[in-house]
$ cat coords.cif   # mmCIF, C-alpha atoms and all ligand atoms
data_coords
loop_
_atom_site.label_atom_id
_atom_site.label_comp_id
_atom_site.auth_asym_id
_atom_site.auth_seq_id
_atom_site.Cartn_x
_atom_site.Cartn_y
_atom_site.Cartn_z
CA MET A 1 95.12 76.06 88.36
CA LEU A 2 97.59 73.20 88.86
CA LYS A 3 100.22 74.04 91.52
CA PHE A 4 103.78 72.88 90.91
CA TYR A 5 106.00 72.70 94.01
CA HIS A 6 109.60 72.63 92.91
CA HIS A 7 113.02 74.22 92.98
CA PRO A 8 114.66 75.46 89.76
CA LEU A 9 117.92 73.64 90.58
CA SER A 10 116.41 70.23 91.27
CA PRO A 11 117.07 67.87 88.34
CA ILE A 12 114.16 65.67 89.47
CA SER A 13 111.71 68.59 89.50
CA ARG A 14 113.07 69.69 86.14
CA ARG A 15 111.65 66.54 84.46
CA VAL A 16 108.17 67.67 85.43
CA TRP A 17 108.84 71.32 84.66
CA ILE A 18 109.91 70.43 81.12
CA GLY A 19 106.84 68.16 80.79
CA LEU A 20 104.52 71.02 81.76
CA LEU A 21 106.20 73.33 79.23
CA GLU A 22 106.27 70.75 76.41
CA LYS A 23 102.57 70.07 76.90
CA GLY A 24 101.69 73.73 77.25
CA ILE A 25 99.90 73.16 80.58
CA SER A 26 99.24 76.31 82.63
CA PHE A 27 100.57 76.03 86.17
CA GLU A 28 101.31 78.07 89.24
CA PRO A 29 104.93 77.50 90.33
CA VAL A 30 105.62 77.34 94.07
CA ILE A 31 109.33 77.39 94.87
CA VAL A 32 110.26 75.29 97.91
CA ASN A 33 113.46 76.56 99.45
CA LEU A 34 115.32 73.32 100.18
CA LYS A 35 117.35 74.93 102.96
CA GLY A 36 114.52 73.94 105.31
CA GLU A 37 111.07 74.71 103.87
CA GLN A 38 110.67 71.05 102.90
CA PHE A 39 110.56 70.14 106.62
CA GLU A 40 107.85 72.63 107.53
CA PRO A 41 104.49 71.09 108.52
CA GLU A 42 102.68 72.72 105.59
CA PHE A 43 104.96 71.05 103.05
CA LEU A 44 105.19 67.76 104.98
CA SER A 45 101.39 67.53 104.73
CA LEU A 46 101.91 67.43 100.94
CA ASN A 47 104.92 65.14 100.97
CA PRO A 48 105.85 63.41 104.24
CA PHE A 49 109.17 62.36 102.63
CA HIS A 50 110.12 66.09 102.31
CA HIS A 51 110.82 65.84 98.58
CA ILE A 52 109.99 67.96 95.59
CA PRO A 53 108.40 67.85 93.06
CA VAL A 54 104.77 67.77 94.17
CA VAL A 55 101.78 68.67 92.03
CA VAL A 56 98.39 69.69 93.39
CA ASP A 57 95.57 69.60 90.86
CA GLY A 58 92.28 70.53 92.53
CA GLU A 59 91.71 67.97 95.28
CA LEU A 60 94.44 65.70 93.99
CA ARG A 61 97.98 65.75 95.41
CA ILE A 62 100.67 63.79 93.56
CA LEU A 63 104.22 63.11 94.63
CA GLU A 64 106.98 61.11 92.88
CA SER A 65 108.12 62.71 89.62
CA LEU A 66 107.44 59.67 87.43
CA ALA A 67 103.89 59.35 88.77
CA ILE A 68 103.35 63.05 88.08
CA LEU A 69 104.59 62.68 84.50
CA ASP A 70 102.24 59.70 83.93
CA TYR A 71 99.34 61.73 85.35
CA LEU A 72 100.05 64.72 83.12
CA GLU A 73 100.26 62.42 80.09
CA THR A 74 96.92 60.77 80.85
CA LYS A 75 95.17 64.04 81.56
CA HIS A 76 96.77 66.00 78.70
CA PRO A 77 97.51 63.42 75.99
CA SER A 78 98.62 65.96 73.40
CA PRO A 79 101.42 66.12 72.38
CA PRO A 80 101.92 62.45 73.31
CA LEU A 81 105.02 61.73 75.41
CA ILE A 82 104.44 57.98 75.95
CA PRO A 83 104.87 55.80 72.85
CA LYS A 84 102.05 53.33 72.16
CA GLU A 85 104.18 50.57 70.67
CA PRO A 86 105.13 48.02 73.43
CA ALA A 87 108.90 47.88 72.76
CA ALA A 88 109.19 51.69 72.58
CA MET A 89 107.15 52.01 75.78
CA ALA A 90 109.43 49.49 77.58
CA LYS A 91 112.51 51.33 76.33
CA MET A 92 111.11 54.63 77.58
CA ARG A 93 110.47 53.24 81.05
CA MET A 94 113.92 51.57 81.20
CA VAL A 95 115.64 54.86 80.41
CA GLN A 96 113.57 56.60 83.08
CA MET A 97 114.41 53.97 85.71
CA VAL A 98 118.11 53.77 84.80
CA THR A 99 118.29 57.57 85.06
CA SER A 100 116.65 57.48 88.50
CA ASN A 101 118.29 54.39 89.97
CA GLU A 102 121.73 54.28 88.38
CA LEU A 103 122.65 57.86 87.49
CA THR A 104 120.80 60.27 89.78
CA THR A 105 122.09 58.29 92.77
CA LYS A 106 125.67 59.09 91.67
CA ILE A 107 125.25 62.87 91.92
CA PRO A 108 126.63 63.16 95.48
CA ALA A 109 129.78 61.15 94.56
CA LEU A 110 130.22 63.16 91.37
CA LEU A 111 129.87 66.40 93.26
CA MET A 112 132.43 65.40 95.88
CA ALA A 113 134.79 64.20 93.10
CA SER A 114 134.55 67.58 91.35
CA ASP A 115 136.18 69.18 94.44
CA SER A 116 138.79 66.49 94.97
CA PRO A 117 142.24 66.09 93.36
CA GLU A 118 141.71 62.28 93.32
CA PRO A 119 139.65 61.06 90.31
CA ASP A 120 136.70 58.90 91.40
CA ARG A 121 137.16 56.20 88.76
CA ILE A 122 134.39 53.92 90.07
CA THR A 123 131.73 56.63 89.82
CA PHE A 124 132.88 57.78 86.38
CA ARG A 125 132.91 54.16 85.16
CA HIS A 126 129.37 53.61 86.44
CA ILE A 127 128.18 56.75 84.66
CA ALA A 128 129.96 55.66 81.45
CA THR A 129 128.09 52.33 81.67
CA GLY A 130 124.81 54.27 81.95
CA LEU A 131 125.70 56.42 78.93
CA ASP A 132 126.66 53.33 76.90
CA PHE A 133 123.28 51.86 77.78
CA PHE A 134 121.58 55.09 76.67
CA SER A 135 123.51 55.04 73.38
CA GLU A 136 122.30 51.48 72.77
CA GLN A 137 118.68 52.44 73.55
CA LEU A 138 118.84 55.51 71.33
CA GLY A 139 120.29 53.68 68.33
CA ASP A 140 119.91 55.85 65.22
CA SER A 141 116.79 57.65 66.45
CA PRO A 142 116.73 61.36 67.28
CA TYR A 143 114.89 60.64 70.56
CA PHE A 144 114.56 57.59 72.85
CA GLY A 145 110.95 57.08 71.76
CA GLY A 146 111.87 57.26 68.03
CA ASP A 147 111.18 60.38 65.98
CA ASN A 148 109.33 62.14 68.79
CA LEU A 149 110.17 63.33 72.25
CA SER A 150 109.07 61.03 75.11
CA LEU A 151 109.18 60.93 78.91
CA ALA A 152 112.56 59.13 78.56
CA ASP A 153 114.06 62.26 76.98
CA LEU A 154 112.56 64.44 79.70
CA THR A 155 113.88 62.26 82.52
CA ALA A 156 117.40 61.62 81.19
CA GLY A 157 117.54 65.08 79.64
CA ALA A 158 116.84 66.85 82.93
CA LEU A 159 119.81 65.09 84.54
CA LEU A 160 122.45 65.14 81.84
CA PRO A 161 123.14 68.90 81.88
CA LEU A 162 124.02 68.51 85.55
CA ILE A 163 126.40 65.59 85.13
CA VAL A 164 128.07 67.36 82.20
CA ARG A 165 128.59 70.40 84.42
CA LEU A 166 130.05 68.07 87.06
CA GLY A 167 132.76 66.91 84.67
CA VAL A 168 131.30 64.03 82.63
CA ASP A 169 132.47 64.21 79.02
CA LEU A 170 130.00 62.97 76.40
CA LYS A 171 132.73 62.71 73.74
CA GLU A 172 133.08 58.97 74.27
CA HIS A 173 129.34 58.54 73.60
CA PRO A 174 128.69 60.21 70.21
CA PRO A 175 124.96 59.28 69.87
CA ILE A 176 124.28 60.74 73.33
CA ALA A 177 126.39 63.84 72.58
CA ALA A 178 124.26 64.47 69.45
CA TRP A 179 121.01 63.81 71.34
CA TYR A 180 122.17 66.16 74.13
CA LYS A 181 122.70 68.98 71.62
CA ARG A 182 119.24 68.29 70.18
CA ILE A 183 117.37 68.48 73.49
CA MET A 184 119.39 71.44 74.81
CA ALA A 185 118.29 73.44 71.77
CA ARG A 186 114.60 73.01 72.67
CA GLU A 187 112.79 75.97 74.16
CA SER A 188 111.71 73.97 77.25
CA TRP A 189 115.33 73.07 78.10
CA GLN A 190 116.59 76.60 77.49
CA GLN A 191 113.88 78.01 79.70
CA THR A 192 114.74 75.66 82.60
CA GLU A 193 118.56 75.73 82.44
CA PRO A 194 120.16 77.32 85.51
CA ASP A 195 122.88 79.93 84.94
CA ASP A 196 126.48 79.44 86.19
CA GLU A 197 125.93 81.47 89.35
CA ALA A 198 122.89 79.38 90.34
CA PHE A 199 124.80 76.19 89.57
CA GLU A 200 127.73 77.21 91.82
CA ALA A 201 125.30 78.06 94.62
CA TRP A 202 123.64 74.64 94.17
CA LYS A 203 127.04 72.91 94.38
CA LYS A 204 127.92 74.65 97.65
CA TRP A 205 124.56 73.90 99.16
CA VAL A 206 124.48 70.20 98.18
CA SER A 207 128.11 69.69 99.34
CA LEU A 208 127.10 71.08 102.71
CA ILE A 209 124.14 68.67 102.96
CA ILE A 210 126.38 65.72 102.03
CA LYS A 211 129.00 66.67 104.63
CA ARG A 212 126.31 67.17 107.29
CA ARG A 213 124.77 63.74 106.52
CA ARG A 214 128.21 62.08 106.74
CA GLN A 215 128.88 63.68 110.13
CA GLN A 216 125.43 62.60 111.41
CA LYS A 217 126.11 59.02 110.26
CA ALA A 218 129.54 58.99 111.90
CA ARG A 219 128.01 60.19 115.18
CA ALA A 220 125.13 57.64 115.13
N1 LIG B 301 111.73 59.78 94.08
C1 LIG B 301 111.47 61.20 94.20
C2 LIG B 301 112.77 61.87 94.58
C3 LIG B 301 112.64 63.38 94.74
C4 LIG B 301 113.90 64.02 95.34
O1 LIG B 301 114.84 63.34 95.79
N2 LIG B 301 113.93 65.37 95.37
C5 LIG B 301 115.03 66.10 95.97
C6 LIG B 301 115.43 67.26 95.07
S1 LIG B 301 116.21 66.74 93.55
C7 LIG B 301 114.56 66.72 97.29
O2 LIG B 301 113.44 67.18 97.39
N3 LIG B 301 115.43 66.80 98.32
C8 LIG B 301 115.13 67.44 99.57
C9 LIG B 301 115.38 66.58 100.78
O3 LIG B 301 115.83 65.41 100.62
O4 LIG B 301 115.12 67.05 101.89
C10 LIG B 301 110.87 61.72 92.88
O5 LIG B 301 111.16 61.14 91.82
O6 LIG B 301 110.06 62.66 92.91
#
$ encode --input "coords.cif" --output "structure tokens"
Amino acid sequence: MLKFYHHPLSPISRRVWIGLLEKGISFEPVIVNLKGEQFEPEFLSLNPFHHIPVVVDGELRILESLAILDYLETKHPSPPLIPKEPAAMAKMRMVQMVTSNELTTKIPALLMASDSPEPDRITFRHIATGLDFFSEQLGDSPYFGGDNLSLADLTAGALLPLIVRLGVDLKEHPPIAAWYKRIMARESWQQTEPDDEAFEAWKKWVSLIIKRRRQQKARA
């Protein structure tokens, strides 16, 4: 059976987790404790960059969440999560890349801002630009790929619950607020949503990593 190395609080792993559930693929979950297990030789032999998610399917090992999602789609085409029409396909990939490159990268700043009395206007403005872009891509459709769920929804939709919890208000972006309600009602999102206690633990743990990295940089 396919092995899925992940952590329930990782928004990047969650894209794949939701994909497995939406496609009804059986899998064996392996939780990687990110307080150090990712640096152990056994895990580094799967991913030398010490990142989750990783999928092992028979002899095949796949890292990088977007590559894993493409693999799952090709191997299990039903229900389809990649639109066939060229413009819809390009839109899907843009939303995935903007989520990864423009929004996920802002999580550390957002997290630090949530504990600070000073509002981090630059980070919030950057996120608002991302959400405006998403609104434009969504248009009047229920999902980014049109009437049906696509990998764009999985990728953006695994991150948004986190940025909302970190203080981003979707009120200014009505199409995204409506889309957010729609995806959060799906069984696969409900099943993968961390509770408040887990979220607070995640916040503490990531803040610690950020502070440690800053100290290491200052010393170098
Ligand atoms: N580009 C990778 C990024 C994966 C990633 O950054 N994962 C984080 C969790 S959200 C991680 O494993 N962090 C542990 C570490 O950096 O040691 C992907 O899309 O799979």
$ residues_near_ligand --input "coords.cif" --ligand "ligand LIG 301 (chain B)" --cutoff "8 Å" --atoms "all atoms listed in the file" --output "VMD selection string"
chain A and resid 7 9 to 13 34 36 38 to 39 49 to 54 63 to 66 100
$ atom_distance --input "coords.cif" --atom1 "CA of Ala109 in chain A" --atom2 "CA of Pro175 in chain A"
25.2 Å
$ residues_around --input "coords.cif" --residues "Ile163 in chain A" --least-positions-apart "4" --cutoff "10 Å" --atoms "only C-alpha atoms" --output "PDB file with C-alpha atoms, in the coordinates of the input"
ATOM      1  CA  LEU A 103     122.650  57.860  87.490  1.00  0.00           C
ATOM      2  CA  THR A 104     120.800  60.270  89.780  1.00  0.00           C
ATOM      3  CA  LYS A 106     125.670  59.090  91.670  1.00  0.00           C
ATOM      4  CA  ILE A 107     125.250  62.870  91.920  1.00  0.00           C
ATOM      5  CA  LEU A 110     130.220  63.160  91.370  1.00  0.00           C
ATOM      6  CA  LEU A 111     129.870  66.400  93.260  1.00  0.00           C
ATOM      7  CA  ILE A 127     128.180  56.750  84.660  1.00  0.00           C
ATOM      8  CA  ALA A 158     116.840  66.850  82.930  1.00  0.00           C
ATOM      9  CA  LEU A 159     119.810  65.090  84.540  1.00  0.00           C
ATOM     10  CA  GLY A 167     132.760  66.910  84.670  1.00  0.00           C
ATOM     11  CA  VAL A 168     131.300  64.030  82.630  1.00  0.00           C
ATOM     12  CA  ASP A 169     132.470  64.210  79.020  1.00  0.00           C
ATOM     13  CA  LEU A 170     130.000  62.970  76.400  1.00  0.00           C
TER      14      LEU A 170
END
$ closest_residue --input "coords.cif" --among "A:Phe43, A:Phe4, A:Trp17, A:Tyr180" --to "Ile31 in chain A" --atoms "all atoms listed in the file"
A:Phe4
$ residues_around --input "coords.cif" --residues "Phe27 in chain A" --least-positions-apart "3" --cutoff "8 Å" --atoms "all atoms listed in the file" --output "VMD selection string"
chain A and resid 1 to 4 20
$ closest_residue --input "coords.cif" --among "A:Glu73, A:Asp147, A:Glu85, A:Asp132" --to "Val16 in chain A" --atoms "only C-alpha atoms"
A:Glu73
$ atom_distance --input "coords.cif" --atom1 "CA of Ser207 in chain A" --atom2 "CA of Met112 in chain A"
7.0 Å
$ atom_distance --input "coords.cif" --atom1 "CA of Val32 in chain A" --atom2 "CA of Tyr5 in chain A"
6.3 Å
$ build_atoms --input "coords.cif" --residues "range 108-136 of chain A" --atoms "N, CA and C atoms" --output "PDB file, in the frame of the given file"
ATOM      1  N   PRO A 108     125.785  62.751  94.349  1.00  0.00           N
ATOM      2  CA  PRO A 108     126.630  63.160  95.480  1.00  0.00           C
ATOM      3  C   PRO A 108     128.109  62.786  95.274  1.00  0.00           C
ATOM      4  N   ALA A 109     128.381  61.574  94.770  1.00  0.00           N
ATOM      5  CA  ALA A 109     129.780  61.150  94.560  1.00  0.00           C
ATOM      6  C   ALA A 109     130.445  62.020  93.492  1.00  0.00           C
ATOM      7  N   LEU A 110     129.687  62.340  92.462  1.00  0.00           N
ATOM      8  CA  LEU A 110     130.220  63.160  91.370  1.00  0.00           C
ATOM      9  C   LEU A 110     130.559  64.574  91.868  1.00  0.00           C
ATOM     10  N   LEU A 111     129.686  65.063  92.706  1.00  0.00           N
ATOM     11  CA  LEU A 111     129.870  66.400  93.260  1.00  0.00           C
ATOM     12  C   LEU A 111     131.115  66.438  94.154  1.00  0.00           C
ATOM     13  N   MET A 112     131.274  65.426  95.001  1.00  0.00           N
ATOM     14  CA  MET A 112     132.430  65.400  95.880  1.00  0.00           C
ATOM     15  C   MET A 112     133.705  65.235  95.044  1.00  0.00           C
ATOM     16  N   ALA A 113     133.624  64.427  93.966  1.00  0.00           N
ATOM     17  CA  ALA A 113     134.790  64.200  93.100  1.00  0.00           C
ATOM     18  C   ALA A 113     135.211  65.483  92.401  1.00  0.00           C
ATOM     19  N   SER A 114     134.223  66.354  92.097  1.00  0.00           N
ATOM     20  CA  SER A 114     134.550  67.580  91.350  1.00  0.00           C
ATOM     21  C   SER A 114     135.396  68.537  92.212  1.00  0.00           C
ATOM     22  N   ASP A 115     135.387  68.324  93.542  1.00  0.00           N
ATOM     23  CA  ASP A 115     136.180  69.180  94.440  1.00  0.00           C
ATOM     24  C   ASP A 115     137.432  68.475  94.946  1.00  0.00           C
ATOM     25  N   SER A 116     137.683  67.268  94.418  1.00  0.00           N
ATOM     26  CA  SER A 116     138.790  66.490  94.970  1.00  0.00           C
ATOM     27  C   SER A 116     139.884  66.301  93.914  1.00  0.00           C
ATOM     28  N   PRO A 117     141.161  66.294  94.336  1.00  0.00           N
ATOM     29  CA  PRO A 117     142.240  66.090  93.360  1.00  0.00           C
ATOM     30  C   PRO A 117     142.290  64.638  92.875  1.00  0.00           C
ATOM     31  N   GLU A 118     141.707  63.710  93.661  1.00  0.00           N
ATOM     32  CA  GLU A 118     141.710  62.280  93.320  1.00  0.00           C
ATOM     33  C   GLU A 118     140.551  61.967  92.368  1.00  0.00           C
ATOM     34  N   PRO A 119     140.784  61.407  91.175  1.00  0.00           N
ATOM     35  CA  PRO A 119     139.650  61.060  90.310  1.00  0.00           C
ATOM     36  C   PRO A 119     138.867  59.873  90.889  1.00  0.00           C
ATOM     37  N   ASP A 120     137.555  59.976  90.877  1.00  0.00           N
ATOM     38  CA  ASP A 120     136.700  58.900  91.400  1.00  0.00           C
ATOM     39  C   ASP A 120     136.361  57.972  90.222  1.00  0.00           C
ATOM     40  N   ARG A 121     137.291  57.046  89.965  1.00  0.00           N
ATOM     41  CA  ARG A 121     137.160  56.200  88.760  1.00  0.00           C
ATOM     42  C   ARG A 121     135.913  55.321  88.797  1.00  0.00           C
ATOM     43  N   ILE A 122     135.548  54.846  89.979  1.00  0.00           N
ATOM     44  CA  ILE A 122     134.390  53.920  90.070  1.00  0.00           C
ATOM     45  C   ILE A 122     133.114  54.644  89.649  1.00  0.00           C
ATOM     46  N   THR A 123     132.940  55.867  90.167  1.00  0.00           N
ATOM     47  CA  THR A 123     131.730  56.630  89.820  1.00  0.00           C
ATOM     48  C   THR A 123     131.711  56.966  88.333  1.00  0.00           C
ATOM     49  N   PHE A 124     132.842  57.426  87.802  1.00  0.00           N
ATOM     50  CA  PHE A 124     132.880  57.780  86.380  1.00  0.00           C
ATOM     51  C   PHE A 124     132.636  56.558  85.495  1.00  0.00           C
ATOM     52  N   ARG A 125     133.138  55.383  85.939  1.00  0.00           N
ATOM     53  CA  ARG A 125     132.910  54.160  85.160  1.00  0.00           C
ATOM     54  C   ARG A 125     131.430  53.792  85.175  1.00  0.00           C
ATOM     55  N   HIS A 126     130.800  53.934  86.323  1.00  0.00           N
ATOM     56  CA  HIS A 126     129.370  53.610  86.440  1.00  0.00           C
ATOM     57  C   HIS A 126     128.551  54.530  85.517  1.00  0.00           C
ATOM     58  N   ILE A 127     128.900  55.797  85.510  1.00  0.00           N
ATOM     59  CA  ILE A 127     128.180  56.750  84.660  1.00  0.00           C
ATOM     60  C   ILE A 127     128.419  56.416  83.182  1.00  0.00           C
ATOM     61  N   ALA A 128     129.654  56.032  82.846  1.00  0.00           N
ATOM     62  CA  ALA A 128     129.960  55.660  81.450  1.00  0.00           C
ATOM     63  C   ALA A 128     129.119  54.433  81.047  1.00  0.00           C
ATOM     64  N   THR A 129     128.924  53.506  81.965  1.00  0.00           N
ATOM     65  CA  THR A 129     128.090  52.330  81.670  1.00  0.00           C
ATOM     66  C   THR A 129     126.654  52.784  81.369  1.00  0.00           C
ATOM     67  N   GLY A 130     126.163  53.727  82.166  1.00  0.00           N
ATOM     68  CA  GLY A 130     124.810  54.270  81.950  1.00  0.00           C
ATOM     69  C   GLY A 130     124.713  54.939  80.574  1.00  0.00           C
ATOM     70  N   LEU A 131     125.740  55.697  80.220  1.00  0.00           N
ATOM     71  CA  LEU A 131     125.700  56.420  78.930  1.00  0.00           C
ATOM     72  C   LEU A 131     125.832  55.453  77.750  1.00  0.00           C
ATOM     73  N   ASP A 132     126.596  54.375  77.949  1.00  0.00           N
ATOM     74  CA  ASP A 132     126.660  53.330  76.900  1.00  0.00           C
ATOM     75  C   ASP A 132     125.280  52.701  76.718  1.00  0.00           C
ATOM     76  N   PHE A 133     124.629  52.450  77.834  1.00  0.00           N
ATOM     77  CA  PHE A 133     123.280  51.860  77.780  1.00  0.00           C
ATOM     78  C   PHE A 133     122.317  52.810  77.044  1.00  0.00           C
ATOM     79  N   PHE A 134     122.425  54.092  77.356  1.00  0.00           N
ATOM     80  CA  PHE A 134     121.580  55.090  76.670  1.00  0.00           C
ATOM     81  C   PHE A 134     121.862  55.100  75.167  1.00  0.00           C
ATOM     82  N   SER A 135     123.152  55.026  74.808  1.00  0.00           N
ATOM     83  CA  SER A 135     123.510  55.040  73.380  1.00  0.00           C
ATOM     84  C   SER A 135     122.853  53.852  72.678  1.00  0.00           C
ATOM     85  N   GLU A 136     122.901  52.699  73.348  1.00  0.00           N
ATOM     86  CA  GLU A 136     122.300  51.480  72.770  1.00  0.00           C
ATOM     87  C   GLU A 136     120.788  51.658  72.617  1.00  0.00           C
TER      88      GLU A 136
END
